[in-house]
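Visitor: Got a structure for you, start_25.txt, holding compact mmCIF, C-alpha atoms.
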# COMPACT_ATOMS: atom_id res chain seq x y z
CA MET K 1 -48.86 73.71 172.54
CA ASP K 2 -46.10 71.15 171.85
CA PHE K 3 -44.50 72.10 175.14
CA ASP K 4 -47.83 71.66 176.96
CA ILE K 5 -48.34 68.19 175.47
CA LEU K 6 -44.79 67.17 176.39
CA SER K 7 -45.25 68.34 179.97
CA ILE K 8 -48.56 66.47 180.23
CA LYS K 9 -46.86 63.28 178.99
CA GLN K 10 -44.10 63.63 181.57
CA ARG K 11 -46.52 64.40 184.38
CA PHE K 12 -48.89 61.49 183.72
CA GLY K 13 -46.33 58.98 182.45
CA ILE K 14 -47.64 58.83 178.90
CA ILE K 15 -45.11 57.50 176.38
CA GLY K 16 -45.38 57.95 172.63
CA ASN K 17 -45.27 60.43 169.78
CA SER K 18 -48.15 59.15 167.64
CA PRO K 19 -50.20 61.96 166.03
CA LEU K 20 -53.41 60.26 167.13
CA LEU K 21 -52.17 60.09 170.70
CA ASN K 22 -51.06 63.73 170.66
CA HIS K 23 -54.46 64.81 169.32
CA ALA K 24 -56.27 62.96 172.11
CA ILE K 25 -54.04 64.60 174.75
CA GLN K 26 -54.64 68.01 173.19
CA VAL K 27 -58.43 67.60 173.28
CA ALA K 28 -58.28 66.43 176.91
CA ALA K 29 -56.17 69.45 177.88
CA GLN K 30 -58.55 71.84 176.13
CA VAL K 31 -61.73 70.44 177.68
CA ALA K 32 -60.26 70.04 181.20
CA PRO K 33 -60.90 73.62 182.44
CA THR K 34 -64.62 73.34 181.61
CA ASP K 35 -67.39 71.32 183.30
CA MET K 36 -68.47 69.61 180.09
CA SER K 37 -69.16 65.88 180.12
CA VAL K 38 -66.60 63.80 178.25
CA LEU K 39 -66.96 60.38 176.62
CA ILE K 40 -63.67 58.52 176.09
CA THR K 41 -63.79 55.71 173.56
CA GLY K 42 -61.14 53.12 172.74
CA GLU K 43 -60.29 49.47 172.96
CA SER K 44 -59.71 47.66 176.23
CA GLY K 45 -56.20 48.24 177.59
CA SER K 46 -55.51 51.36 175.50
CA GLY K 47 -55.18 53.65 178.56
CA LYS K 48 -58.53 55.44 178.74
CA GLU K 49 -58.30 55.98 182.51
CA SER K 50 -55.13 58.05 182.07
CA PHE K 51 -57.11 60.60 180.06
CA SER K 52 -59.76 60.87 182.78
CA LYS K 53 -56.98 61.75 185.24
CA ILE K 54 -55.62 64.36 182.84
CA ILE K 55 -59.06 65.98 182.64
CA HIS K 56 -59.48 66.01 186.42
CA HIS K 57 -56.01 67.22 187.42
CA LEU K 58 -55.99 70.00 184.83
CA SER K 59 -59.43 71.24 185.92
CA PRO K 60 -60.49 73.59 188.75
CA ARG K 61 -61.73 70.45 190.57
CA LYS K 62 -58.21 69.02 190.92
CA HIS K 63 -58.15 69.56 194.71
CA ASN K 64 -61.40 67.68 195.21
CA GLN K 65 -62.05 63.96 195.07
CA PHE K 66 -61.59 61.82 191.98
CA ILE K 67 -63.39 58.44 191.99
CA ALA K 68 -63.00 55.81 189.26
CA ILE K 69 -65.83 53.27 189.02
CA ASN K 70 -66.07 50.23 186.76
CA CYS K 71 -69.78 49.87 185.97
CA GLY K 72 -69.29 46.32 184.70
CA SER K 73 -67.92 45.11 188.04
CA ILE K 74 -70.89 46.24 190.17
CA PRO K 75 -73.90 43.87 190.32
CA GLU K 76 -77.09 45.24 188.78
CA GLY K 77 -78.97 44.96 192.07
CA THR K 78 -76.52 47.12 194.02
CA ILE K 79 -75.25 49.68 191.51
CA ASP K 80 -77.96 52.23 192.42
CA SER K 81 -76.97 51.98 196.07
CA GLU K 82 -73.26 52.32 195.22
CA LEU K 83 -73.72 55.40 193.05
CA PHE K 84 -76.54 57.24 194.85
CA GLY K 85 -76.56 55.77 198.38
CA HIS K 86 -79.44 54.26 200.38
CA GLU K 87 -81.43 54.80 203.55
CA LYS K 88 -81.50 52.48 206.53
CA GLY K 89 -83.91 49.58 206.03
CA SER K 90 -84.45 50.36 202.34
CA PHE K 91 -83.64 46.74 201.45
CA THR K 92 -82.50 43.53 203.11
CA GLY K 93 -79.08 44.08 204.65
CA ALA K 94 -79.33 47.89 204.75
CA HIS K 95 -78.67 48.14 208.50
CA GLU K 96 -77.61 51.78 208.27
CA ALA K 97 -77.75 54.68 205.84
CA ARG K 98 -74.93 54.98 203.31
CA LYS K 99 -73.69 57.79 201.10
CA GLY K 100 -73.22 57.08 197.41
CA TYR K 101 -70.32 58.07 195.19
CA PHE K 102 -72.17 61.08 193.78
CA GLU K 103 -72.68 62.45 197.27
CA VAL K 104 -69.15 61.68 198.47
CA SER K 105 -67.46 63.21 195.40
CA ASN K 106 -69.47 66.44 195.47
CA GLY K 107 -67.31 69.11 193.84
CA GLY K 108 -65.02 66.51 192.24
CA THR K 109 -64.97 64.14 189.29
CA ILE K 110 -66.43 60.68 188.75
CA PHE K 111 -64.97 58.43 186.08
CA LEU K 112 -67.50 55.84 184.91
CA ASP K 113 -65.62 53.12 183.04
CA GLU K 114 -67.51 50.59 180.90
CA ILE K 115 -70.56 52.86 180.87
CA GLY K 116 -72.15 50.56 178.29
CA GLU K 117 -72.65 47.92 181.01
CA MET K 118 -74.83 50.22 183.14
CA PRO K 119 -78.46 49.01 183.55
CA LEU K 120 -81.22 51.06 181.91
CA GLY K 121 -82.77 52.00 185.26
CA THR K 122 -79.49 53.41 186.51
CA GLN K 123 -79.03 55.25 183.22
CA ALA K 124 -82.25 57.19 183.91
CA ARG K 125 -80.93 58.22 187.35
CA LEU K 126 -77.59 59.28 185.85
CA LEU K 127 -79.33 61.37 183.18
CA ARG K 128 -81.11 63.33 185.93
CA VAL K 129 -77.79 64.03 187.63
CA LEU K 130 -76.26 65.28 184.39
CA GLU K 131 -79.20 67.53 183.53
CA ASN K 132 -80.25 68.88 186.92
CA GLY K 133 -77.56 67.84 189.38
CA GLU K 134 -80.23 65.98 191.40
CA PHE K 135 -80.52 62.42 192.68
CA ILE K 136 -82.55 60.42 195.18
CA LYS K 137 -81.15 57.77 197.50
CA VAL K 138 -82.53 54.25 197.34
CA GLY K 139 -85.45 54.03 199.77
CA SER K 140 -85.78 57.80 200.13
CA SER K 141 -88.07 60.45 198.67
CA LYS K 142 -85.81 63.42 199.40
CA VAL K 143 -84.13 65.06 196.43
CA LEU K 144 -80.44 65.77 196.99
CA LYS K 145 -78.15 68.10 195.07
CA THR K 146 -74.63 67.37 193.87
CA ASP K 147 -72.01 69.11 191.77
CA VAL K 148 -70.04 66.37 190.07
CA ARG K 149 -68.31 66.25 186.71
CA VAL K 150 -68.85 62.98 184.87
CA VAL K 151 -66.22 61.48 182.60
CA ALA K 152 -67.35 58.21 180.98
CA ALA K 153 -65.46 55.61 178.97
CA THR K 154 -66.43 52.60 176.89
CA ASN K 155 -64.83 49.99 174.65
CA VAL K 156 -68.07 49.18 172.78
CA ASN K 157 -70.08 50.96 170.11
CA LEU K 158 -72.65 52.85 172.17
CA MET K 159 -74.62 53.94 169.10
CA LYS K 160 -75.11 50.29 168.21
CA ASN K 161 -76.36 49.66 171.75
CA VAL K 162 -78.73 52.61 171.33
CA ASN K 163 -80.18 51.07 168.16
CA GLU K 164 -80.58 47.73 169.97
CA GLY K 165 -82.35 49.35 172.93
CA LYS K 166 -79.53 48.61 175.40
CA PHE K 167 -78.51 52.23 175.99
CA ARG K 168 -80.54 55.42 176.29
CA GLU K 169 -80.18 57.72 173.32
CA ASP K 170 -80.66 60.90 175.36
CA LEU K 171 -77.94 59.80 177.81
CA TYR K 172 -75.58 59.02 174.93
CA TYR K 173 -75.83 62.55 173.51
CA ARG K 174 -75.61 64.05 177.00
CA LEU K 175 -72.40 62.16 177.79
CA SER K 176 -70.70 62.66 174.43
CA THR K 177 -70.62 66.44 174.61
CA VAL K 178 -66.88 66.15 173.94
CA PRO K 179 -65.72 62.78 172.54
CA ILE K 180 -62.10 61.67 172.90
CA TYR K 181 -60.80 58.71 170.90
CA VAL K 182 -57.81 56.82 172.32
CA PRO K 183 -56.01 54.99 169.48
CA PRO K 184 -55.16 51.29 169.84
CA LEU K 185 -51.52 50.35 170.22
CA ARG K 186 -51.25 48.85 166.70
CA ASP K 187 -52.04 52.29 165.20
CA ARG K 188 -49.29 54.08 167.12
CA GLY K 189 -46.31 52.80 165.11
CA GLU K 190 -42.92 53.31 166.77
CA ASP K 191 -44.62 53.95 170.12
CA ILE K 192 -44.65 50.16 170.56
CA LEU K 193 -40.83 50.06 170.73
CA LEU K 194 -40.69 53.03 173.10
CA LEU K 195 -43.17 51.38 175.46
CA PHE K 196 -41.32 48.05 175.28
CA ARG K 197 -38.05 49.75 176.24
CA LYS K 198 -39.74 51.58 179.13
CA PHE K 199 -41.36 48.41 180.47
CA ALA K 200 -38.11 46.44 180.08
CA THR K 201 -36.25 49.00 182.16
CA ASP K 202 -38.94 49.05 184.86
CA PHE K 203 -39.06 45.26 185.21
CA ALA K 204 -35.27 44.96 185.17
CA GLU K 205 -35.18 47.30 188.15
CA LYS K 206 -38.06 45.54 189.86
CA TYR K 207 -36.66 42.01 189.52
CA ARG K 208 -32.99 43.09 189.66
CA VAL K 209 -32.06 41.58 186.33
CA LYS K 210 -30.36 42.87 183.20
CA PRO K 211 -32.86 44.69 180.92
CA ILE K 212 -33.85 42.86 177.75
CA SER K 213 -33.40 44.25 174.26
CA LEU K 214 -34.71 43.38 170.81
CA THR K 215 -32.85 42.56 167.62
CA ASP K 216 -33.91 44.14 164.33
CA ASP K 217 -35.97 41.14 163.20
CA ALA K 218 -37.70 41.02 166.60
CA LYS K 219 -38.57 44.72 166.31
CA GLU K 220 -40.19 44.11 162.92
CA ILE K 221 -42.27 41.26 164.36
CA LEU K 222 -43.34 43.38 167.31
CA LEU K 223 -44.39 46.26 165.05
CA LYS K 224 -46.48 43.96 162.84
CA TYR K 225 -48.27 42.28 165.75
CA ARG K 226 -51.85 43.51 166.28
CA PHE K 227 -51.87 43.53 170.11
CA PRO K 228 -55.59 42.95 170.77
CA GLY K 229 -54.89 43.65 174.47
CA ASN K 230 -53.07 46.90 173.62
CA ILE K 231 -50.71 48.45 176.21
CA ARG K 232 -51.78 46.01 178.92
CA GLN K 233 -50.81 43.05 176.72
CA LEU K 234 -47.45 44.62 175.77
CA LYS K 235 -46.66 45.25 179.44
CA ASN K 236 -47.46 41.67 180.41
CA LEU K 237 -45.43 40.35 177.46
CA THR K 238 -42.40 42.42 178.47
CA GLU K 239 -42.64 41.28 182.07
CA GLN K 240 -42.90 37.64 181.00
CA ILE K 241 -39.81 37.84 178.78
CA SER K 242 -37.84 39.75 181.44
CA VAL K 243 -38.44 37.01 184.00
CA LEU K 244 -38.12 33.90 181.82
CA SER K 245 -35.16 34.86 179.62
CA THR K 246 -32.45 34.29 182.21
CA GLU K 247 -29.50 33.56 179.88
CA ASN K 248 -29.66 35.70 176.73
CA LYS K 249 -31.15 39.17 177.22
CA SER K 250 -30.96 39.98 173.51
CA ILE K 251 -34.27 38.73 172.14
CA ASN K 252 -34.34 37.71 168.48
CA GLY K 253 -37.34 37.08 166.25
CA ASP K 254 -37.60 33.33 166.89
CA THR K 255 -37.45 33.82 170.65
CA LEU K 256 -40.07 36.56 170.53
CA LEU K 257 -42.44 34.38 168.52
CA GLN K 258 -42.37 31.82 171.33
CA TYR K 259 -43.89 34.37 173.69
CA LEU K 260 -46.42 35.87 171.30
CA PRO K 261 -49.82 34.10 171.27
CA LYS K 262 -50.78 32.50 167.99
CA ASP K 263 -53.34 34.40 165.92
CA GLN K 264 -55.15 31.32 164.69
CA SER K 265 -57.83 29.76 166.88
CA HIS K 266 -57.70 26.11 167.96
CA LEU K 267 -61.49 25.83 168.09
CA PRO K 268 -63.12 23.51 165.55
CA ALA K 269 -64.18 25.34 162.42
CA LEU K 270 -67.69 25.01 161.04
CA TYR K 271 -67.60 23.14 157.72
CA ARG K 272 -69.44 24.76 154.87
CA ASP K 273 -70.05 23.09 151.54
CA PRO K 274 -69.63 25.68 148.76
CA GLU K 275 -72.24 23.93 146.61
CA LYS K 276 -74.73 23.99 149.47
CA ASP K 277 -74.00 27.67 150.11
CA LYS K 278 -74.75 28.45 146.47
CA GLN K 279 -78.18 26.89 146.94
CA GLY K 280 -78.78 29.13 149.95
CA LEU K 281 -79.03 26.24 152.43
CA SER K 282 -78.13 27.07 155.99
CA GLU K 283 -77.13 24.59 158.70
CA ARG K 284 -80.70 24.60 160.00
CA ASP K 285 -82.07 23.86 156.52
CA LEU K 286 -79.68 20.93 156.13
CA LEU K 287 -80.69 19.55 159.53
CA TYR K 288 -84.37 19.73 158.67
CA LYS K 289 -83.69 18.05 155.35
CA VAL K 290 -81.92 15.15 157.06
CA LEU K 291 -84.75 14.74 159.57
CA PHE K 292 -87.40 14.73 156.86
CA ASP K 293 -85.43 12.16 154.86
CA MET K 294 -85.22 9.94 157.96
CA LYS K 295 -88.95 10.28 158.49
CA LYS K 296 -89.62 9.30 154.87
CA ASP K 297 -87.35 6.25 155.18
CA MET K 298 -89.18 5.15 158.34
CA ASN K 299 -92.56 5.45 156.63
CA ASP K 300 -91.28 3.45 153.66
CA LEU K 301 -89.92 0.80 156.04
CA LYS K 302 -93.26 0.50 157.83
CA LYS K 303 -95.02 0.10 154.51
CA PHE K 304 -92.55 -2.57 153.46
CA VAL K 305 -92.98 -4.58 156.69
CA LEU K 306 -96.76 -4.38 156.38
CA GLU K 307 -96.68 -5.68 152.80
CA ALA K 308 -94.27 -8.43 153.81
CA LEU K 309 -96.58 -9.58 156.59
CA GLN K 310 -99.63 -9.54 154.36
CA SER K 311 -98.00 -11.25 151.37
CA GLU K 312 -96.47 -14.65 151.99
CA GLY K 313 -95.50 -15.44 148.44
CA SER K 314 -94.38 -12.01 147.16
CA ALA K 315 -91.42 -11.21 149.43
CA SER K 316 -88.96 -10.99 146.54
CA GLN K 317 -91.26 -8.58 144.70
CA VAL K 318 -91.55 -6.38 147.80
CA ILE K 319 -87.74 -6.36 148.19
CA GLU K 320 -87.36 -5.42 144.54
CA ASP K 321 -89.93 -2.60 144.81
CA HIS K 322 -88.16 -1.17 147.88
CA SER K 323 -84.54 -1.83 147.00
CA GLU K 324 -83.51 1.67 148.14
CA LEU K 325 -84.15 0.59 151.75
CA PHE K 326 -81.42 -2.05 151.49
CA GLU K 327 -78.64 0.13 150.07
CA GLY K 328 -75.38 -0.43 151.93
CA LEU K 329 -76.47 -3.76 153.40
CA ASP K 330 -74.74 -7.07 152.80
CA ASN K 331 -76.74 -9.04 150.24
CA ASN K 332 -76.18 -12.18 152.30
CA ASN K 333 -78.34 -10.71 155.07
CA ILE K 334 -81.33 -10.46 152.73
CA GLU K 335 -83.17 -13.72 152.40
CA GLN K 336 -83.75 -14.57 148.79
CA VAL K 337 -87.27 -15.91 148.34
CA PRO K 338 -87.89 -17.71 145.08
CA THR K 339 -90.58 -16.24 142.90
CA PRO K 340 -93.49 -18.67 142.48
CA PRO K 341 -94.40 -19.68 138.93
CA GLU K 342 -97.13 -17.71 137.26
CA LYS K 343 -99.10 -20.93 136.60
CA PRO K 344 -98.86 -23.86 138.98
CA VAL K 345 -98.03 -27.27 137.45
CA LEU K 346 -100.86 -29.80 137.58
CA LEU K 347 -99.61 -33.13 138.87
CA ASN K 348 -100.96 -36.46 137.69
CA ILE K 349 -101.67 -38.37 140.89
CA ASN K 350 -102.17 -41.61 138.95
CA SER K 351 -98.59 -41.54 137.72
CA THR K 352 -95.31 -41.87 139.60
CA THR K 353 -93.91 -38.89 137.71
CA PRO K 354 -95.50 -35.52 137.26
CA ASP K 355 -97.18 -34.87 133.94
CA ARG K 356 -95.46 -31.76 132.66
CA ASP K 357 -97.76 -31.57 129.64
CA HIS K 358 -100.75 -30.54 131.78
CA THR K 359 -100.85 -27.07 133.18
CA TYR K 360 -103.21 -25.16 135.36
CA ASP K 361 -106.47 -24.32 133.61
CA ASN K 362 -108.09 -21.08 134.69
CA GLY K 363 -111.45 -22.48 133.63
CA ASP K 364 -111.36 -25.37 136.15
CA ALA K 365 -114.07 -24.56 138.70
CA ASP K 366 -112.73 -26.90 141.39
CA ILE K 367 -109.30 -25.31 141.35
CA GLU K 368 -110.87 -21.87 141.53
CA ASP K 369 -112.81 -22.88 144.64
CA ILE K 370 -109.67 -24.17 146.35
CA ALA K 371 -107.76 -20.99 145.53
CA HIS K 372 -110.66 -18.92 146.86
CA GLU K 373 -110.68 -20.82 150.14
CA THR K 374 -106.91 -20.35 150.54
CA GLU K 375 -107.19 -16.60 149.89
CA GLU K 376 -109.95 -16.30 152.46
CA ASP K 377 -107.85 -18.23 154.98
CA GLU K 378 -104.89 -15.91 154.40
CA SER K 379 -106.97 -12.80 154.81
CA LEU K 380 -108.10 -13.93 158.24
CA SER K 381 -104.73 -15.02 159.64
CA ILE K 382 -102.38 -12.00 159.71
CA GLU K 383 -101.27 -12.79 163.26
CA LYS K 384 -100.55 -16.35 162.20
CA LYS K 385 -98.38 -15.17 159.34
CA GLU K 386 -96.59 -12.75 161.64
CA LYS K 387 -95.88 -15.60 164.05
CA GLU K 388 -94.57 -17.74 161.21
CA LEU K 389 -92.27 -14.94 160.03
CA ILE K 390 -90.86 -14.54 163.53
CA ILE K 391 -90.28 -18.30 163.84
CA ARG K 392 -88.55 -18.39 160.46
CA ALA K 393 -86.32 -15.44 161.38
CA LEU K 394 -85.37 -16.97 164.74
CA ARG K 395 -84.53 -20.35 163.17
CA LYS K 396 -82.56 -18.73 160.40
CA ASN K 397 -80.41 -16.82 162.91
CA ASN K 398 -80.12 -19.71 165.44
CA ASN K 399 -82.40 -17.95 167.94
CA LYS K 400 -80.18 -14.85 167.99
CA ARG K 401 -82.86 -12.27 168.52
CA LYS K 402 -80.69 -9.30 167.61
CA TYR K 403 -80.14 -10.56 164.07
CA ALA K 404 -83.68 -11.87 163.79
CA ALA K 405 -85.04 -8.42 164.62
CA ARG K 406 -82.75 -6.93 162.00
CA ASP K 407 -84.09 -9.33 159.33
CA LEU K 408 -87.65 -8.54 160.30
CA GLY K 409 -87.02 -4.80 160.19
CA ILE K 410 -88.18 -4.24 163.77
CA SER K 411 -86.47 -3.33 167.04
CA GLU K 412 -85.30 -5.93 169.53
CA ARG K 413 -87.78 -4.57 172.04
CA THR K 414 -90.66 -5.16 169.63
CA LEU K 415 -89.37 -8.66 168.87
CA TYR K 416 -89.21 -9.54 172.58
CA ARG K 417 -92.78 -8.35 172.99
CA LYS K 418 -93.96 -10.42 170.02
CA ILE K 419 -92.13 -13.52 171.31
CA LYS K 420 -93.91 -13.15 174.63
CA GLN K 421 -97.24 -12.49 172.89
CA TYR K 422 -97.01 -15.66 170.77
CA GLU K 423 -95.41 -17.71 173.58
CA LEU K 424 -92.23 -18.47 171.64
CA GLU K 425 -89.81 -18.28 174.58
CA ASP K 426 -89.06 -22.00 174.46
CA LEU K 427 -88.56 -22.10 170.71
Output the file's structure as structure tokens, nothing else.

Guide:
Amino acid sequence: MDFDILSIKQRFGIIGNSPLLNHAIQVAAQVAPTDMSVLITGESGSGKESFSKIIHHLSPRKHNQFIAINCGSIPEGTIDSELFGHEKGSFTGAHEARKGYFEVSNGGTIFLDEIGEMPLGTQARLLRVLENGEFIKVGSSKVLKTDVRVVAATNVNLMKNVNEGKFREDLYYRLSTVPIYVPPLRDRGEDILLLFRKFATDFAEKYRVKPISLTDDAKEILLKYRFPGNIRQLKNLTEQISVLSTENKSINGDTLLQYLPKDQSHLPALYRDPEKDKQGLSERDLLYKVLFDMKKDMNDLKKFVLEALQSEGSASQVIEDHSELFEGLDNNNIEQVPTPPEKPVLLNINSTTPDRDHTYDNGDADIEDIAHETEEDESLSIEKKEKELIIRALRKNNNKRKYAARDLGISERTLYRKIKQYELEDL
């Protein structure tokens, strides 16, 4: 069996001695003489197509056609026509009948790469081919027969797609009669150095340059690198170094690091506050909290403005009651309104100086009537008070409407409308 695996490697250009790789080759060689469906799984760039060729060329179908199809590269609207063919006039642009891949490769092998990208409707057609060997062309009602072996490959978790409703469960079990796992390059150990040496020799011959080699520290770095692109990435890396390293062909660790992509991402990271995470607050919760706080502040501001407009003599009390609205503001921007005395001083009109010994008497009926009339006048002149506040704000800020609007707690647009309403343009 070791001799058979070695001969298969030499025939198909497979390099490496990893136990996982040898096991995959052994399974492919054992299943090749049968007509069983095979599902090859592995990461992108790990060499899955090579195993489909092993299965075909070691099978009785080796003299018939082998077609490799990437299901992810065919548009969803045309994949049925590509695989099963169509009749003339079956859709716009179908000027003549066309044979599909399953009809053309009758007696051979079809390799369906990226089978996880196949639409659900096409999956139902493929399941019928696998079970009965039958298919129908697009735009036809005639059932055709075909004898094709299907080898599929994927780099995604098909069982996860089955659970999410993206892939048919019956098709998954029908395809995975014999599963073959192709190991990623990072799990193949010393195979990385063997492949690097092979690629270096090939590119040296291609570009007619001296082949590159690695120092011991560079070999250690190469073995520790994860290679998310697998063999394809290693091949591109070797070609890049072979072309760009024109002077020194002995690559050390520092030089190699210049060609290897950095592992860390340069995208901005999402900040998470550990204290917030302990409280179970997500980003959406925090956003809602901020919006609700803004809404509360706006409601408080409206209430404050309304009280200020309705109360001429209690502005300082309103500011004191709503001091949280003025946090972070310069105190100079807040107009300090003196608090009126609790009891007004009664002046002696017969004297040149005020009599400070006489104070307001709550039992004086005349004074009560005057106060009552003033209160009634204030209750009926809200617009007048609003106009007075606007005039005071404009005069305070030298007719600079931007700062006047800020003092009033309203927008400039609202202030412009009020100025026009009260005819204050020429103030």

Visitor: Work out how far apart CA of Ser141 (chain K) and CA of Leu126 (chain K) are and give it in Å to one decimal.

Guide: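 Separation between CA of Ser141 (chain K) and CA of Leu126 (chain K): 16.6 Å.
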
Visitor: With all atoms listed in the file as the basis for distance, which of K:Phe66, K:Leu171, K:Ile390, K:Ile180 is at the shortest distance from Tyr403 (chain K)?

Guide: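 Of K:Phe66, K:Leu171, K:Ile390, K:Ile180, the one nearest Tyr403 (chain K) is K:Ile390, counting all atoms listed in the file.
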
Visitor: Which of these residues is nearest to Phe84 (chain K), using all atoms listed in the file: K:Tyr422, K:Phe304, K:Tyr416, K:Phe135?

Guide: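 Going through K:Tyr422, K:Phe304, K:Tyr416, K:Phe135 one by one, the smallest distance to Phe84 (chain K) is for K:Phe135.
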
Visitor: Nearest to Gly89 (chain K) among K:Ser250, K:Ser140, K:Asn157, K:Gln233, with distances taken over all atoms listed in the file: which residue is it?

Guide: K:Ser140

Visitor: Could you tell me which of K:Arg61, K:Gly100, K:Asp187, K:Leu144 comes closest to Arg226 (chain K) if we count only C-alpha atoms?

Guide: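 Between K:Arg61, K:Gly100, K:Asp187, K:Leu144, the residue approaching Arg226 (chain K) most closely is K:Asp187.
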
Visitor: Quick one: of K:Tyr259, K:Phe199, K:Phe91, K:Phe292, who's nearest to Ile241 (chain K), counting all atoms listed in the file?

Guide: K:Tyr259

Visitor: To one decimal place, how far is CA of Gly189 (chain K) from CA of Gln258 (chain K) in Å?

Guide: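 Those two atoms sit 22.2 Å apart.
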
Visitor: Measure the distance from CA of Thr34 (chain K) to CA of Ser59 (chain K) in Å and round it to one decimal.

Guide: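 Between CA of Thr34 (chain K) and CA of Ser59 (chain K) the gap works out to 7.1 Å.
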
Visitor: Between K:Gly93, K:Gly116, K:Gly77, K:Pro33, single out the one closest to Leu158 (chain K), counting only C-alpha atoms.

Guide: K:Gly116

Visitor: Tell me, as a PyMOL selection string, which residues lie within 10 Å of Lys166 (chain K), counting all atoms listed in the file; anything in the same chain fewer than 2 positions away does not count.

Guide: chain K and resi 116-120+158-164+168-169

Visitor: Do you know which residues are at most 10 Å from Asn22 (chain K) counting all atoms listed in the file, after dropping those on the same chain fewer than 3 positions away, and could you put them as a ChimeraX atom specification?

Guide: /K:2,5-6,9,16-19,25-28,182

Visitor: Compile the contact shell of Glu239 (chain K) as a PyMOL selection string: residues with an atom at most 8 Å away, counting only C-alpha atoms, same-chain residues fewer than 4 positions apart removed.

Guide: chain K and resi 199-200+203+235+243

Visitor: Counting all atoms listed in the file, which residues have an atom no more than 10 Å from (-67.5, 60.7, 195.4) in the file's coordinates? Please list them as a CSV table (one decimal) with C-alpha atoms, in the frame of the given file.

Guide:
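Resulting contents of out-v7.csv:
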chain,number,residue,atom,x,y,z
K,64,ASN,CA,-61.4,67.7,195.2
K,65,GLN,CA,-62.0,64.0,195.1
K,66,PHE,CA,-61.6,61.8,192.0
K,67,ILE,CA,-63.4,58.4,192.0
K,68,ALA,CA,-63.0,55.8,189.3
K,69,ILE,CA,-65.8,53.3,189.0
K,83,LEU,CA,-73.7,55.4,193.0
K,84,PHE,CA,-76.5,57.2,194.8
K,99,LYS,CA,-73.7,57.8,201.1
K,100,GLY,CA,-73.2,57.1,197.4
K,101,TYR,CA,-70.3,58.1,195.2
K,102,PHE,CA,-72.2,61.1,193.8
K,103,GLU,CA,-72.7,62.4,197.3
K,104,VAL,CA,-69.2,61.7,198.5
K,105,SER,CA,-67.5,63.2,195.4
K,106,ASN,CA,-69.5,66.4,195.5
K,107,GLY,CA,-67.3,69.1,193.8
K,108,GLY,CA,-65.0,66.5,192.2
K,109,THR,CA,-65.0,64.1,189.3
K,110,ILE,CA,-66.4,60.7,188.8
K,111,PHE,CA,-65.0,58.4,186.1
K,146,THR,CA,-74.6,67.4,193.9
K,148,VAL,CA,-70.0,66.4,190.1

Visitor: Might you pull out every residue within 8 Å of Glu114 (chain K), with all atoms listed in the file counted and same-chain residues fewer than 4 positions away left off, and present them as an mmCIF file with C-alpha atoms, in the coordinates of the input?

Guide:
data_model
loop_
_atom_site.group_PDB
_atom_site.id
_atom_site.type_symbol
_atom_site.label_atom_id
_atom_site.label_comp_id
_atom_site.auth_asym_id
_atom_site.auth_seq_id
_atom_site.Cartn_x
_atom_site.Cartn_y
_atom_site.Cartn_z
ATOM 1 C CA ASN K 70 -66.070 50.230 186.760
ATOM 2 C CA CYS K 71 -69.780 49.870 185.970
ATOM 3 C CA GLY K 72 -69.290 46.320 184.700
ATOM 4 C CA MET K 118 -74.830 50.220 183.140
ATOM 5 C CA ALA K 152 -67.350 58.210 180.980
ATOM 6 C CA ALA K 153 -65.460 55.610 178.970
ATOM 7 C CA THR K 154 -66.430 52.600 176.890
ATOM 8 C CA ASN K 155 -64.830 49.990 174.650
#
